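Listing of entry-v6.cif, mmCIF, N, CA and C atoms
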data_protein
#
loop_
_atom_site.label_atom_id
_atom_site.label_comp_id
_atom_site.auth_asym_id
_atom_site.auth_seq_id
_atom_site.Cartn_x
_atom_site.Cartn_y
_atom_site.Cartn_z
N VAL A 1 0.85 -1.18 0.00
CA VAL A 1 0.00 0.00 0.00
C VAL A 1 0.88 1.24 0.00
N GLN A 2 0.60 2.15 -0.90
CA GLN A 2 1.29 3.45 -0.92
C GLN A 2 0.27 4.54 -0.66
N LEU A 3 0.68 5.49 0.17
CA LEU A 3 -0.17 6.62 0.50
C LEU A 3 0.51 7.89 0.02
N GLN A 4 -0.22 8.71 -0.70
CA GLN A 4 0.32 9.94 -1.27
C GLN A 4 -0.47 11.13 -0.73
N ALA A 5 0.17 11.90 0.13
CA ALA A 5 -0.48 13.07 0.72
C ALA A 5 -0.19 14.31 -0.11
N SER A 6 -1.16 15.22 -0.14
CA SER A 6 -1.00 16.47 -0.86
C SER A 6 -1.89 17.54 -0.22
N GLY A 7 -1.67 18.78 -0.62
CA GLY A 7 -2.52 19.86 -0.17
C GLY A 7 -1.92 20.79 0.85
N GLY A 8 -0.71 20.49 1.31
CA GLY A 8 -0.08 21.37 2.26
C GLY A 8 0.36 22.67 1.61
N GLY A 9 0.80 23.61 2.44
CA GLY A 9 1.26 24.88 1.91
C GLY A 9 1.40 25.91 3.00
N LEU A 10 1.54 27.15 2.57
CA LEU A 10 1.68 28.29 3.48
C LEU A 10 0.36 29.05 3.50
N VAL A 11 -0.14 29.31 4.70
CA VAL A 11 -1.41 30.02 4.84
C VAL A 11 -1.32 30.95 6.04
N GLN A 12 -2.07 32.03 5.99
CA GLN A 12 -2.10 32.95 7.12
C GLN A 12 -3.01 32.40 8.21
N ALA A 13 -2.74 32.83 9.42
CA ALA A 13 -3.59 32.43 10.55
C ALA A 13 -5.04 32.80 10.25
N GLY A 14 -5.93 31.87 10.59
CA GLY A 14 -7.35 32.05 10.30
C GLY A 14 -7.78 31.46 8.98
N GLY A 15 -6.81 31.09 8.15
CA GLY A 15 -7.12 30.53 6.84
C GLY A 15 -7.44 29.05 6.90
N SER A 16 -7.62 28.47 5.72
CA SER A 16 -8.00 27.06 5.60
C SER A 16 -7.13 26.34 4.59
N LEU A 17 -6.99 25.05 4.81
CA LEU A 17 -6.35 24.15 3.86
C LEU A 17 -7.09 22.83 3.87
N ARG A 18 -7.03 22.13 2.75
CA ARG A 18 -7.62 20.79 2.69
C ARG A 18 -6.53 19.81 2.24
N LEU A 19 -6.21 18.89 3.11
CA LEU A 19 -5.24 17.86 2.78
C LEU A 19 -5.97 16.65 2.19
N SER A 20 -5.31 16.02 1.24
CA SER A 20 -5.83 14.79 0.64
C SER A 20 -4.77 13.71 0.72
N CYS A 21 -5.21 12.48 0.82
CA CYS A 21 -4.28 11.35 0.83
C CYS A 21 -4.92 10.23 0.03
N GLU A 22 -4.31 9.92 -1.10
CA GLU A 22 -4.82 8.88 -1.97
C GLU A 22 -4.00 7.61 -1.82
N ALA A 23 -4.67 6.51 -1.71
CA ALA A 23 -4.00 5.22 -1.54
C ALA A 23 -3.97 4.45 -2.85
N SER A 24 -2.94 3.67 -3.02
CA SER A 24 -2.83 2.76 -4.16
C SER A 24 -2.29 1.43 -3.67
N GLY A 25 -2.52 0.40 -4.44
CA GLY A 25 -2.05 -0.93 -4.07
C GLY A 25 -3.17 -1.86 -3.67
N ARG A 26 -4.14 -1.35 -2.94
CA ARG A 26 -5.35 -2.10 -2.65
C ARG A 26 -6.38 -1.11 -2.11
N PHE A 27 -7.62 -1.55 -2.05
CA PHE A 27 -8.65 -0.69 -1.49
C PHE A 27 -8.54 -0.66 0.04
N LEU A 28 -8.79 0.50 0.61
CA LEU A 28 -8.62 0.67 2.05
C LEU A 28 -9.96 0.71 2.78
N ASP A 29 -10.96 0.03 2.24
CA ASP A 29 -12.26 0.06 2.90
C ASP A 29 -12.29 -0.78 4.17
N THR A 30 -11.23 -1.53 4.43
CA THR A 30 -11.13 -2.28 5.68
C THR A 30 -10.11 -1.67 6.62
N ASP A 31 -9.73 -0.44 6.36
CA ASP A 31 -8.68 0.23 7.14
C ASP A 31 -9.22 1.43 7.91
N VAL A 32 -8.66 1.62 9.09
CA VAL A 32 -8.77 2.89 9.79
C VAL A 32 -7.77 3.84 9.13
N LEU A 33 -8.18 5.07 8.92
CA LEU A 33 -7.31 6.08 8.32
C LEU A 33 -7.10 7.22 9.29
N GLY A 34 -5.88 7.71 9.34
CA GLY A 34 -5.58 8.77 10.28
C GLY A 34 -4.68 9.84 9.69
N TRP A 35 -4.72 10.99 10.33
CA TRP A 35 -3.80 12.09 10.03
C TRP A 35 -3.00 12.37 11.29
N PHE A 36 -1.70 12.42 11.14
CA PHE A 36 -0.78 12.74 12.21
C PHE A 36 0.01 13.98 11.82
N ARG A 37 0.60 14.61 12.80
CA ARG A 37 1.49 15.73 12.51
C ARG A 37 2.68 15.71 13.45
N GLN A 38 3.76 16.28 12.95
CA GLN A 38 4.97 16.37 13.75
C GLN A 38 5.63 17.71 13.50
N ALA A 39 5.75 18.48 14.57
CA ALA A 39 6.44 19.77 14.52
C ALA A 39 7.88 19.57 14.96
N PRO A 40 8.78 20.45 14.58
CA PRO A 40 10.18 20.32 14.97
C PRO A 40 10.34 20.22 16.49
N GLY A 41 11.06 19.21 16.92
CA GLY A 41 11.32 19.04 18.34
C GLY A 41 10.17 18.45 19.13
N LYS A 42 9.11 18.06 18.45
CA LYS A 42 7.95 17.49 19.14
C LYS A 42 7.67 16.08 18.65
N GLU A 43 6.94 15.34 19.46
CA GLU A 43 6.56 13.98 19.06
C GLU A 43 5.44 14.02 18.04
N ARG A 44 5.37 12.95 17.27
CA ARG A 44 4.28 12.84 16.32
C ARG A 44 2.97 12.62 17.08
N GLU A 45 1.93 13.34 16.70
CA GLU A 45 0.66 13.22 17.39
C GLU A 45 -0.47 12.97 16.38
N CYS A 46 -1.45 12.24 16.84
CA CYS A 46 -2.63 11.99 16.01
C CYS A 46 -3.53 13.22 16.05
N VAL A 47 -3.82 13.75 14.89
CA VAL A 47 -4.70 14.89 14.77
C VAL A 47 -6.15 14.42 14.63
N ALA A 48 -6.36 13.43 13.80
CA ALA A 48 -7.71 12.92 13.54
C ALA A 48 -7.62 11.52 12.97
N ALA A 49 -8.66 10.75 13.20
CA ALA A 49 -8.73 9.40 12.64
C ALA A 49 -10.18 9.07 12.35
N ILE A 50 -10.39 8.15 11.40
CA ILE A 50 -11.75 7.81 11.00
C ILE A 50 -11.85 6.30 10.81
N SER A 51 -12.94 5.75 11.26
CA SER A 51 -13.14 4.31 11.20
C SER A 51 -13.44 3.87 9.76
N ARG A 52 -13.52 2.57 9.57
CA ARG A 52 -13.72 2.01 8.24
C ARG A 52 -14.98 2.55 7.57
N THR A 53 -16.04 2.64 8.32
CA THR A 53 -17.31 3.10 7.76
C THR A 53 -17.46 4.61 7.77
N GLY A 54 -16.59 5.27 8.51
CA GLY A 54 -16.70 6.72 8.65
C GLY A 54 -17.61 7.16 9.78
N ILE A 55 -18.21 6.21 10.47
CA ILE A 55 -19.15 6.56 11.53
C ILE A 55 -18.43 7.11 12.76
N ASN A 56 -17.31 6.50 13.09
CA ASN A 56 -16.56 6.92 14.28
C ASN A 56 -15.34 7.74 13.88
N THR A 57 -15.16 8.84 14.59
CA THR A 57 -14.00 9.70 14.35
C THR A 57 -13.35 10.07 15.67
N TYR A 58 -12.06 10.36 15.57
CA TYR A 58 -11.30 10.85 16.72
C TYR A 58 -10.66 12.18 16.33
N TYR A 59 -10.65 13.13 17.25
CA TYR A 59 -9.95 14.39 17.05
C TYR A 59 -9.15 14.71 18.30
N ALA A 60 -7.96 15.22 18.10
CA ALA A 60 -7.19 15.76 19.21
C ALA A 60 -7.92 16.99 19.74
N ASP A 61 -7.81 17.21 21.03
CA ASP A 61 -8.51 18.35 21.64
C ASP A 61 -8.11 19.67 20.98
N SER A 62 -6.86 19.75 20.54
CA SER A 62 -6.35 21.01 20.00
C SER A 62 -6.98 21.38 18.65
N VAL A 63 -7.64 20.41 17.99
CA VAL A 63 -8.20 20.70 16.67
C VAL A 63 -9.71 20.53 16.61
N LYS A 64 -10.33 20.08 17.70
CA LYS A 64 -11.78 19.88 17.70
C LYS A 64 -12.51 21.18 17.33
N GLY A 65 -13.48 21.03 16.45
CA GLY A 65 -14.25 22.18 16.02
C GLY A 65 -13.61 22.95 14.88
N ARG A 66 -12.36 22.64 14.56
CA ARG A 66 -11.66 23.34 13.47
C ARG A 66 -11.31 22.40 12.31
N PHE A 67 -10.99 21.16 12.63
CA PHE A 67 -10.59 20.19 11.60
C PHE A 67 -11.69 19.16 11.42
N THR A 68 -11.83 18.66 10.19
CA THR A 68 -12.79 17.61 9.89
C THR A 68 -12.13 16.56 9.01
N ILE A 69 -12.18 15.32 9.46
CA ILE A 69 -11.66 14.21 8.67
C ILE A 69 -12.82 13.53 7.95
N SER A 70 -12.57 13.12 6.73
CA SER A 70 -13.60 12.40 5.97
C SER A 70 -12.90 11.43 5.03
N ARG A 71 -13.66 10.50 4.50
CA ARG A 71 -13.09 9.53 3.59
C ARG A 71 -14.06 9.25 2.45
N ASP A 72 -13.49 8.92 1.31
CA ASP A 72 -14.27 8.51 0.15
C ASP A 72 -13.70 7.16 -0.27
N ASN A 73 -14.38 6.10 0.14
CA ASN A 73 -13.84 4.77 -0.14
C ASN A 73 -13.83 4.46 -1.64
N ALA A 74 -14.75 5.05 -2.38
CA ALA A 74 -14.77 4.81 -3.82
C ALA A 74 -13.53 5.39 -4.49
N LYS A 75 -13.01 6.48 -3.93
CA LYS A 75 -11.80 7.12 -4.47
C LYS A 75 -10.55 6.70 -3.71
N ASN A 76 -10.74 5.85 -2.69
CA ASN A 76 -9.59 5.39 -1.90
C ASN A 76 -8.80 6.56 -1.32
N THR A 77 -9.52 7.55 -0.82
CA THR A 77 -8.91 8.80 -0.40
C THR A 77 -9.47 9.24 0.95
N VAL A 78 -8.59 9.81 1.76
CA VAL A 78 -8.98 10.42 3.02
C VAL A 78 -8.61 11.89 2.97
N TYR A 79 -9.44 12.71 3.59
CA TYR A 79 -9.26 14.16 3.56
C TYR A 79 -9.15 14.71 4.98
N LEU A 80 -8.51 15.86 5.08
CA LEU A 80 -8.51 16.61 6.34
C LEU A 80 -8.76 18.06 5.99
N GLN A 81 -9.96 18.52 6.31
CA GLN A 81 -10.30 19.93 6.13
C GLN A 81 -9.87 20.68 7.38
N MET A 82 -9.02 21.67 7.19
CA MET A 82 -8.48 22.43 8.32
C MET A 82 -8.91 23.87 8.19
N ASN A 83 -9.71 24.33 9.14
CA ASN A 83 -10.19 25.71 9.17
C ASN A 83 -9.64 26.43 10.39
N SER A 84 -9.74 27.74 10.36
CA SER A 84 -9.28 28.57 11.48
C SER A 84 -7.87 28.17 11.92
N LEU A 85 -7.00 28.05 10.97
CA LEU A 85 -5.65 27.58 11.27
C LEU A 85 -4.90 28.56 12.16
N LYS A 86 -4.06 27.99 13.02
CA LYS A 86 -3.26 28.76 13.97
C LYS A 86 -1.78 28.48 13.71
N PRO A 87 -0.90 29.40 14.11
CA PRO A 87 0.53 29.15 13.93
C PRO A 87 0.98 27.83 14.58
N GLU A 88 0.35 27.44 15.68
CA GLU A 88 0.74 26.19 16.34
C GLU A 88 0.32 24.94 15.56
N ASP A 89 -0.44 25.10 14.48
CA ASP A 89 -0.76 23.98 13.61
C ASP A 89 0.36 23.69 12.62
N THR A 90 1.36 24.53 12.60
CA THR A 90 2.50 24.33 11.69
C THR A 90 3.21 23.03 12.01
N ALA A 91 3.34 22.17 10.99
CA ALA A 91 3.94 20.86 11.17
C ALA A 91 3.98 20.15 9.82
N VAL A 92 4.66 19.01 9.81
CA VAL A 92 4.52 18.09 8.68
C VAL A 92 3.36 17.16 9.00
N TYR A 93 2.45 17.04 8.08
CA TYR A 93 1.26 16.22 8.27
C TYR A 93 1.41 14.92 7.49
N TYR A 94 1.10 13.83 8.15
CA TYR A 94 1.21 12.50 7.56
C TYR A 94 -0.15 11.80 7.58
N CYS A 95 -0.46 11.10 6.50
CA CYS A 95 -1.62 10.22 6.53
C CYS A 95 -1.12 8.80 6.80
N ALA A 96 -1.99 7.99 7.37
CA ALA A 96 -1.61 6.65 7.75
C ALA A 96 -2.83 5.73 7.72
N ALA A 97 -2.56 4.43 7.67
CA ALA A 97 -3.65 3.45 7.59
C ALA A 97 -3.26 2.16 8.28
N TYR A 98 -4.25 1.49 8.83
CA TYR A 98 -4.06 0.13 9.29
C TYR A 98 -5.35 -0.65 9.08
N GLN A 99 -5.16 -1.93 8.78
CA GLN A 99 -6.30 -2.77 8.48
C GLN A 99 -6.85 -3.36 9.77
N VAL A 100 -8.16 -3.44 9.85
CA VAL A 100 -8.77 -3.95 11.07
C VAL A 100 -9.98 -4.80 10.70
N TRP A 101 -10.18 -5.89 11.45
CA TRP A 101 -11.25 -6.83 11.14
C TRP A 101 -12.27 -6.91 12.27
N THR A 102 -12.01 -6.19 13.37
CA THR A 102 -12.95 -6.16 14.48
C THR A 102 -13.32 -4.69 14.74
N THR A 103 -14.12 -4.47 15.76
CA THR A 103 -14.55 -3.10 16.07
C THR A 103 -13.35 -2.24 16.45
N GLU A 104 -13.27 -1.07 15.85
CA GLU A 104 -12.17 -0.16 16.16
C GLU A 104 -12.37 0.45 17.55
N THR A 105 -11.28 0.77 18.21
CA THR A 105 -11.35 1.49 19.48
C THR A 105 -10.65 2.82 19.32
N MET A 106 -11.09 3.81 20.09
CA MET A 106 -10.46 5.12 20.03
C MET A 106 -8.99 5.03 20.43
N GLY A 107 -8.71 4.20 21.39
CA GLY A 107 -7.32 4.05 21.83
C GLY A 107 -6.42 3.58 20.70
N GLU A 108 -6.90 2.61 19.94
CA GLU A 108 -6.13 2.14 18.79
C GLU A 108 -6.01 3.22 17.73
N MET A 109 -7.11 3.87 17.45
CA MET A 109 -7.15 4.83 16.34
C MET A 109 -6.19 6.00 16.55
N ARG A 110 -5.93 6.38 17.77
CA ARG A 110 -5.07 7.55 17.99
C ARG A 110 -3.61 7.19 18.26
N ARG A 111 -3.28 5.90 18.27
CA ARG A 111 -1.90 5.49 18.54
C ARG A 111 -1.14 5.30 17.24
N ALA A 112 0.01 5.95 17.14
CA ALA A 112 0.83 5.82 15.93
C ALA A 112 1.26 4.38 15.70
N SER A 113 1.49 3.66 16.79
CA SER A 113 1.98 2.28 16.67
C SER A 113 0.94 1.34 16.07
N SER A 114 -0.34 1.78 16.00
CA SER A 114 -1.38 0.93 15.40
C SER A 114 -1.27 0.90 13.88
N TYR A 115 -0.65 1.91 13.29
CA TYR A 115 -0.68 2.12 11.85
C TYR A 115 0.48 1.42 11.16
N ASP A 116 0.15 0.75 10.06
CA ASP A 116 1.14 -0.01 9.31
C ASP A 116 1.66 0.74 8.08
N TYR A 117 0.85 1.63 7.55
CA TYR A 117 1.22 2.30 6.30
C TYR A 117 1.22 3.81 6.53
N TRP A 118 2.25 4.46 5.97
CA TRP A 118 2.41 5.89 6.17
C TRP A 118 2.70 6.58 4.84
N GLY A 119 2.12 7.77 4.69
CA GLY A 119 2.45 8.60 3.55
C GLY A 119 3.75 9.35 3.80
N GLN A 120 4.16 10.14 2.82
CA GLN A 120 5.46 10.79 2.88
C GLN A 120 5.44 12.10 3.65
N GLY A 121 4.28 12.63 3.96
CA GLY A 121 4.20 13.87 4.69
C GLY A 121 4.05 15.07 3.78
N THR A 122 3.28 16.05 4.24
CA THR A 122 3.12 17.31 3.52
C THR A 122 3.23 18.45 4.53
N GLN A 123 3.99 19.47 4.18
CA GLN A 123 4.27 20.57 5.10
C GLN A 123 3.10 21.55 5.13
N VAL A 124 2.68 21.89 6.34
CA VAL A 124 1.69 22.94 6.57
C VAL A 124 2.35 24.01 7.41
N THR A 125 2.37 25.23 6.90
CA THR A 125 2.96 26.35 7.62
C THR A 125 1.91 27.45 7.76
N VAL A 126 1.66 27.84 9.00
CA VAL A 126 0.67 28.88 9.27
C VAL A 126 1.40 30.10 9.81
N SER A 127 1.31 31.20 9.12
CA SER A 127 1.99 32.42 9.53
C SER A 127 1.05 33.28 10.38
N SER A 128 1.66 34.00 11.31
CA SER A 128 0.86 34.83 12.22
C SER A 128 0.65 36.22 11.64
#
Translate this file's structure into structure tokens.
Amino acid sequence: VQLQASGGGLVQAGGSLRLSCEASGRFLDTDVLGWFRQAPGKERECVAAISRTGINTYYADSVKGRFTISRDNAKNTVYLQMNSLKPEDTAVYYCAAYQVWTTETMGEMRRASSYDYWGQGTQVTVSS
């Protein structure tokens, strides 16, 4: 499975960006999909994750109400709509996936160690 993230860039505080991550190699309709970010000198953190059906989602407290994760299984793509961006959102953003055959748990969905496949990362820079 290869994941290709795109949509990053430079935006002013208060602006919006939409990240996309397209998968190839197989269909990811049996996978949890997540977006992580890593800022310089900080650990990688889960920003948002979405279950196989899209019914269950996880958001980090720092992005709740501003970011929205969604998926289009027909296009094998996951999105992250980011609104009201802040300078502290500046980071490299990674999409990731792991296959699951039982009910997903929030604990699993937000742990980086749960994910088997990772995209290459896309830079998001928010200027003040």
Quick one: distance from atom CA of A:Val124 to atom CA of A:Gly9 in Å, one decimal?
-> 5.1 Å
Applying 12 Å and only C-alpha atoms, which residues near A:Ser6 remain after dropping the ones on its own chain fewer than 3 positions away? List them as a PDB file with N, CA and C atoms, in the frame of the given file.
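Written output follows (selection-v7.pdb):
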ATOM      1  N   LEU A   3       0.680   5.490   0.170  1.00  0.00           N
ATOM      2  CA  LEU A   3      -0.170   6.620   0.500  1.00  0.00           C
ATOM      3  C   LEU A   3       0.510   7.890   0.020  1.00  0.00           C
ATOM      4  N   GLY A   9       0.800  23.610   2.440  1.00  0.00           N
ATOM      5  CA  GLY A   9       1.260  24.880   1.910  1.00  0.00           C
ATOM      6  C   GLY A   9       1.400  25.910   3.000  1.00  0.00           C
ATOM      7  N   LEU A  17      -6.990  25.050   4.810  1.00  0.00           N
ATOM      8  CA  LEU A  17      -6.350  24.150   3.860  1.00  0.00           C
ATOM      9  C   LEU A  17      -7.090  22.830   3.870  1.00  0.00           C
ATOM     10  N   ARG A  18      -7.030  22.130   2.750  1.00  0.00           N
ATOM     11  CA  ARG A  18      -7.620  20.790   2.690  1.00  0.00           C
ATOM     12  C   ARG A  18      -6.530  19.810   2.240  1.00  0.00           C
ATOM     13  N   LEU A  19      -6.210  18.890   3.110  1.00  0.00           N
ATOM     14  CA  LEU A  19      -5.240  17.860   2.780  1.00  0.00           C
ATOM     15  C   LEU A  19      -5.970  16.650   2.190  1.00  0.00           C
ATOM     16  N   SER A  20      -5.310  16.020   1.240  1.00  0.00           N
ATOM     17  CA  SER A  20      -5.830  14.790   0.640  1.00  0.00           C
ATOM     18  C   SER A  20      -4.770  13.710   0.720  1.00  0.00           C
ATOM     19  N   CYS A  21      -5.210  12.480   0.820  1.00  0.00           N
ATOM     20  CA  CYS A  21      -4.280  11.350   0.830  1.00  0.00           C
ATOM     21  C   CYS A  21      -4.920  10.230   0.030  1.00  0.00           C
ATOM     22  N   GLU A  22      -4.310   9.920  -1.100  1.00  0.00           N
ATOM     23  CA  GLU A  22      -4.820   8.880  -1.970  1.00  0.00           C
ATOM     24  C   GLU A  22      -4.000   7.610  -1.820  1.00  0.00           C
ATOM     25  N   ALA A  23      -4.670   6.510  -1.710  1.00  0.00           N
ATOM     26  CA  ALA A  23      -4.000   5.220  -1.540  1.00  0.00           C
ATOM     27  C   ALA A  23      -3.970   4.450  -2.850  1.00  0.00           C
ATOM     28  N   THR A  77      -9.520   7.550  -0.820  1.00  0.00           N
ATOM     29  CA  THR A  77      -8.910   8.800  -0.400  1.00  0.00           C
ATOM     30  C   THR A  77      -9.470   9.240   0.950  1.00  0.00           C
ATOM     31  N   VAL A  78      -8.590   9.810   1.760  1.00  0.00           N
ATOM     32  CA  VAL A  78      -8.980  10.420   3.020  1.00  0.00           C
ATOM     33  C   VAL A  78      -8.610  11.890   2.970  1.00  0.00           C
ATOM     34  N   TYR A  79      -9.440  12.710   3.590  1.00  0.00           N
ATOM     35  CA  TYR A  79      -9.260  14.160   3.560  1.00  0.00           C
ATOM     36  C   TYR A  79      -9.150  14.710   4.980  1.00  0.00           C
ATOM     37  N   LEU A  80      -8.510  15.860   5.080  1.00  0.00           N
ATOM     38  CA  LEU A  80      -8.510  16.610   6.340  1.00  0.00           C
ATOM     39  C   LEU A  80      -8.760  18.060   5.990  1.00  0.00           C
ATOM     40  N   VAL A  92       4.660  19.010   9.810  1.00  0.00           N
ATOM     41  CA  VAL A  92       4.520  18.090   8.680  1.00  0.00           C
ATOM     42  C   VAL A  92       3.360  17.160   9.000  1.00  0.00           C
ATOM     43  N   TYR A  93       2.450  17.040   8.080  1.00  0.00           N
ATOM     44  CA  TYR A  93       1.260  16.220   8.270  1.00  0.00           C
ATOM     45  C   TYR A  93       1.410  14.920   7.490  1.00  0.00           C
ATOM     46  N   TYR A  94       1.100  13.830   8.150  1.00  0.00           N
ATOM     47  CA  TYR A  94       1.210  12.500   7.560  1.00  0.00           C
ATOM     48  C   TYR A  94      -0.150  11.800   7.580  1.00  0.00           C
ATOM     49  N   CYS A  95      -0.460  11.100   6.500  1.00  0.00           N
ATOM     50  CA  CYS A  95      -1.620  10.220   6.530  1.00  0.00           C
ATOM     51  C   CYS A  95      -1.120   8.800   6.800  1.00  0.00           C
ATOM     52  N   GLY A 119       2.120   7.770   4.690  1.00  0.00           N
ATOM     53  CA  GLY A 119       2.450   8.600   3.550  1.00  0.00           C
ATOM     54  C   GLY A 119       3.750   9.350   3.800  1.00  0.00           C
ATOM     55  N   GLN A 120       4.160  10.140   2.820  1.00  0.00           N
ATOM     56  CA  GLN A 120       5.460  10.790   2.880  1.00  0.00           C
ATOM     57  C   GLN A 120       5.440  12.100   3.650  1.00  0.00           C
ATOM     58  N   GLY A 121       4.280  12.630   3.960  1.00  0.00           N
ATOM     59  CA  GLY A 121       4.200  13.870   4.690  1.00  0.00           C
ATOM     60  C   GLY A 121       4.050  15.070   3.780  1.00  0.00           C
ATOM     61  N   THR A 122       3.280  16.050   4.240  1.00  0.00           N
ATOM     62  CA  THR A 122       3.120  17.310   3.520  1.00  0.00           C
ATOM     63  C   THR A 122       3.230  18.450   4.530  1.00  0.00           C
ATOM     64  N   GLN A 123       3.990  19.470   4.180  1.00  0.00           N
ATOM     65  CA  GLN A 123       4.270  20.570   5.100  1.00  0.00           C
ATOM     66  C   GLN A 123       3.100  21.550   5.130  1.00  0.00           C
ATOM     67  N   VAL A 124       2.680  21.890   6.340  1.00  0.00           N
ATOM     68  CA  VAL A 124       1.690  22.940   6.570  1.00  0.00           C
ATOM     69  C   VAL A 124       2.350  24.010   7.410  1.00  0.00           C
TER      70      VAL A 124
END
Please evaluate the PyMOL selection byres (((chain A and resi 60-75 and name CA) around 9) and name CA) against the displayed coordinates and give the resulting residues as an MDAnalysis selection string.
-> chainID A and resid 22:23 27:29 33:35 45:50 52:54 57:59 76:85 89 110
Output file for the residues above (N, CA and C atoms, as a compact mmCIF listing (two decimals), keeping the file's coordinate frame):
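Below is the file again-v4.txt, written as the result:
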# COMPACT_ATOMS: atom_id res chain seq x y z
N GLU A 22 -4.31 9.92 -1.10
CA GLU A 22 -4.82 8.88 -1.97
C GLU A 22 -4.00 7.61 -1.82
N ALA A 23 -4.67 6.51 -1.71
CA ALA A 23 -4.00 5.22 -1.54
C ALA A 23 -3.97 4.45 -2.85
N PHE A 27 -7.62 -1.55 -2.05
CA PHE A 27 -8.65 -0.69 -1.49
C PHE A 27 -8.54 -0.66 0.04
N LEU A 28 -8.79 0.50 0.61
CA LEU A 28 -8.62 0.67 2.05
C LEU A 28 -9.96 0.71 2.78
N ASP A 29 -10.96 0.03 2.24
CA ASP A 29 -12.26 0.06 2.90
C ASP A 29 -12.29 -0.78 4.17
N LEU A 33 -8.18 5.07 8.92
CA LEU A 33 -7.31 6.08 8.32
C LEU A 33 -7.10 7.22 9.29
N GLY A 34 -5.88 7.71 9.34
CA GLY A 34 -5.58 8.77 10.28
C GLY A 34 -4.68 9.84 9.69
N TRP A 35 -4.72 10.99 10.33
CA TRP A 35 -3.80 12.09 10.03
C TRP A 35 -3.00 12.37 11.29
N GLU A 45 1.93 13.34 16.70
CA GLU A 45 0.66 13.22 17.39
C GLU A 45 -0.47 12.97 16.38
N CYS A 46 -1.45 12.24 16.84
CA CYS A 46 -2.63 11.99 16.01
C CYS A 46 -3.53 13.22 16.05
N VAL A 47 -3.82 13.75 14.89
CA VAL A 47 -4.70 14.89 14.77
C VAL A 47 -6.15 14.42 14.63
N ALA A 48 -6.36 13.43 13.80
CA ALA A 48 -7.71 12.92 13.54
C ALA A 48 -7.62 11.52 12.97
N ALA A 49 -8.66 10.75 13.20
CA ALA A 49 -8.73 9.40 12.64
C ALA A 49 -10.18 9.07 12.35
N ILE A 50 -10.39 8.15 11.40
CA ILE A 50 -11.75 7.81 11.00
C ILE A 50 -11.85 6.30 10.81
N ARG A 52 -13.52 2.57 9.57
CA ARG A 52 -13.72 2.01 8.24
C ARG A 52 -14.98 2.55 7.57
N THR A 53 -16.04 2.64 8.32
CA THR A 53 -17.31 3.10 7.76
C THR A 53 -17.46 4.61 7.77
N GLY A 54 -16.59 5.27 8.51
CA GLY A 54 -16.70 6.72 8.65
C GLY A 54 -17.61 7.16 9.78
N THR A 57 -15.16 8.84 14.59
CA THR A 57 -14.00 9.70 14.35
C THR A 57 -13.35 10.07 15.67
N TYR A 58 -12.06 10.36 15.57
CA TYR A 58 -11.30 10.85 16.72
C TYR A 58 -10.66 12.18 16.33
N TYR A 59 -10.65 13.13 17.25
CA TYR A 59 -9.95 14.39 17.05
C TYR A 59 -9.15 14.71 18.30
N ASN A 76 -10.74 5.85 -2.69
CA ASN A 76 -9.59 5.39 -1.90
C ASN A 76 -8.80 6.56 -1.32
N THR A 77 -9.52 7.55 -0.82
CA THR A 77 -8.91 8.80 -0.40
C THR A 77 -9.47 9.24 0.95
N VAL A 78 -8.59 9.81 1.76
CA VAL A 78 -8.98 10.42 3.02
C VAL A 78 -8.61 11.89 2.97
N TYR A 79 -9.44 12.71 3.59
CA TYR A 79 -9.26 14.16 3.56
C TYR A 79 -9.15 14.71 4.98
N LEU A 80 -8.51 15.86 5.08
CA LEU A 80 -8.51 16.61 6.34
C LEU A 80 -8.76 18.06 5.99
N GLN A 81 -9.96 18.52 6.31
CA GLN A 81 -10.30 19.93 6.13
C GLN A 81 -9.87 20.68 7.38
N MET A 82 -9.02 21.67 7.19
CA MET A 82 -8.48 22.43 8.32
C MET A 82 -8.91 23.87 8.19
N ASN A 83 -9.71 24.33 9.14
CA ASN A 83 -10.19 25.71 9.17
C ASN A 83 -9.64 26.43 10.39
N SER A 84 -9.74 27.74 10.36
CA SER A 84 -9.28 28.57 11.48
C SER A 84 -7.87 28.17 11.92
N LEU A 85 -7.00 28.05 10.97
CA LEU A 85 -5.65 27.58 11.27
C LEU A 85 -4.90 28.56 12.16
N ASP A 89 -0.44 25.10 14.48
CA ASP A 89 -0.76 23.98 13.61
C ASP A 89 0.36 23.69 12.62
N ARG A 110 -5.93 6.38 17.77
CA ARG A 110 -5.07 7.55 17.99
C ARG A 110 -3.61 7.19 18.26
Chain A: which residues are alpha helix (DSSP H) by DSSP, as a CSV table (one decimal) with N, CA and C atoms, in the frame of the given file?
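File written: out.csv
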chain,number,residue,atom,x,y,z
A,106,MET,N,-11.1,3.8,20.1
A,106,MET,CA,-10.5,5.1,20.0
A,106,MET,C,-9.0,5.0,20.4
A,107,GLY,N,-8.7,4.2,21.4
A,107,GLY,CA,-7.3,4.0,21.8
A,107,GLY,C,-6.4,3.6,20.7
A,108,GLU,N,-6.9,2.6,19.9
A,108,GLU,CA,-6.1,2.1,18.8
A,108,GLU,C,-6.0,3.2,17.7
A,109,MET,N,-7.1,3.9,17.4
A,109,MET,CA,-7.2,4.8,16.3
A,109,MET,C,-6.2,6.0,16.6
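Distances to A:Trp101 were evaluated for A:Gln12, A:Ser113, A:Thr30, A:Ser51 using all atoms listed in the file, and the minimum falls at A:Thr30.
Interatomic distance, atom CA of A:Ser128 against atom N of A:Ala96: 27.4 Å.
Interatomic distance, atom CA of A:Arg44 to atom CA of A:Thr125: 16.1 Å.
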Skipping near chain neighbours, those fewer than 6 positions away, what residues fall within 7 Å of A:Val1 using only C-alpha atoms, listed as a short mmCIF file (atom, residue, chain, number, x, y, z; two decimals) with N, CA and C atoms, keeping the file's coordinate frame?
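So out09.cif came out as:
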data_model
loop_
_atom_site.label_atom_id
_atom_site.label_comp_id
_atom_site.auth_asym_id
_atom_site.auth_seq_id
_atom_site.Cartn_x
_atom_site.Cartn_y
_atom_site.Cartn_z
N ALA A 23 -4.67 6.51 -1.71
CA ALA A 23 -4.00 5.22 -1.54
C ALA A 23 -3.97 4.45 -2.85
N SER A 24 -2.94 3.67 -3.02
CA SER A 24 -2.83 2.76 -4.16
C SER A 24 -2.29 1.43 -3.67
N GLY A 25 -2.52 0.40 -4.44
CA GLY A 25 -2.05 -0.93 -4.07
C GLY A 25 -3.17 -1.86 -3.67
N ARG A 26 -4.14 -1.35 -2.94
CA ARG A 26 -5.35 -2.10 -2.65
C ARG A 26 -6.38 -1.11 -2.11
N TYR A 117 0.85 1.63 7.55
CA TYR A 117 1.22 2.30 6.30
C TYR A 117 1.22 3.81 6.53
#
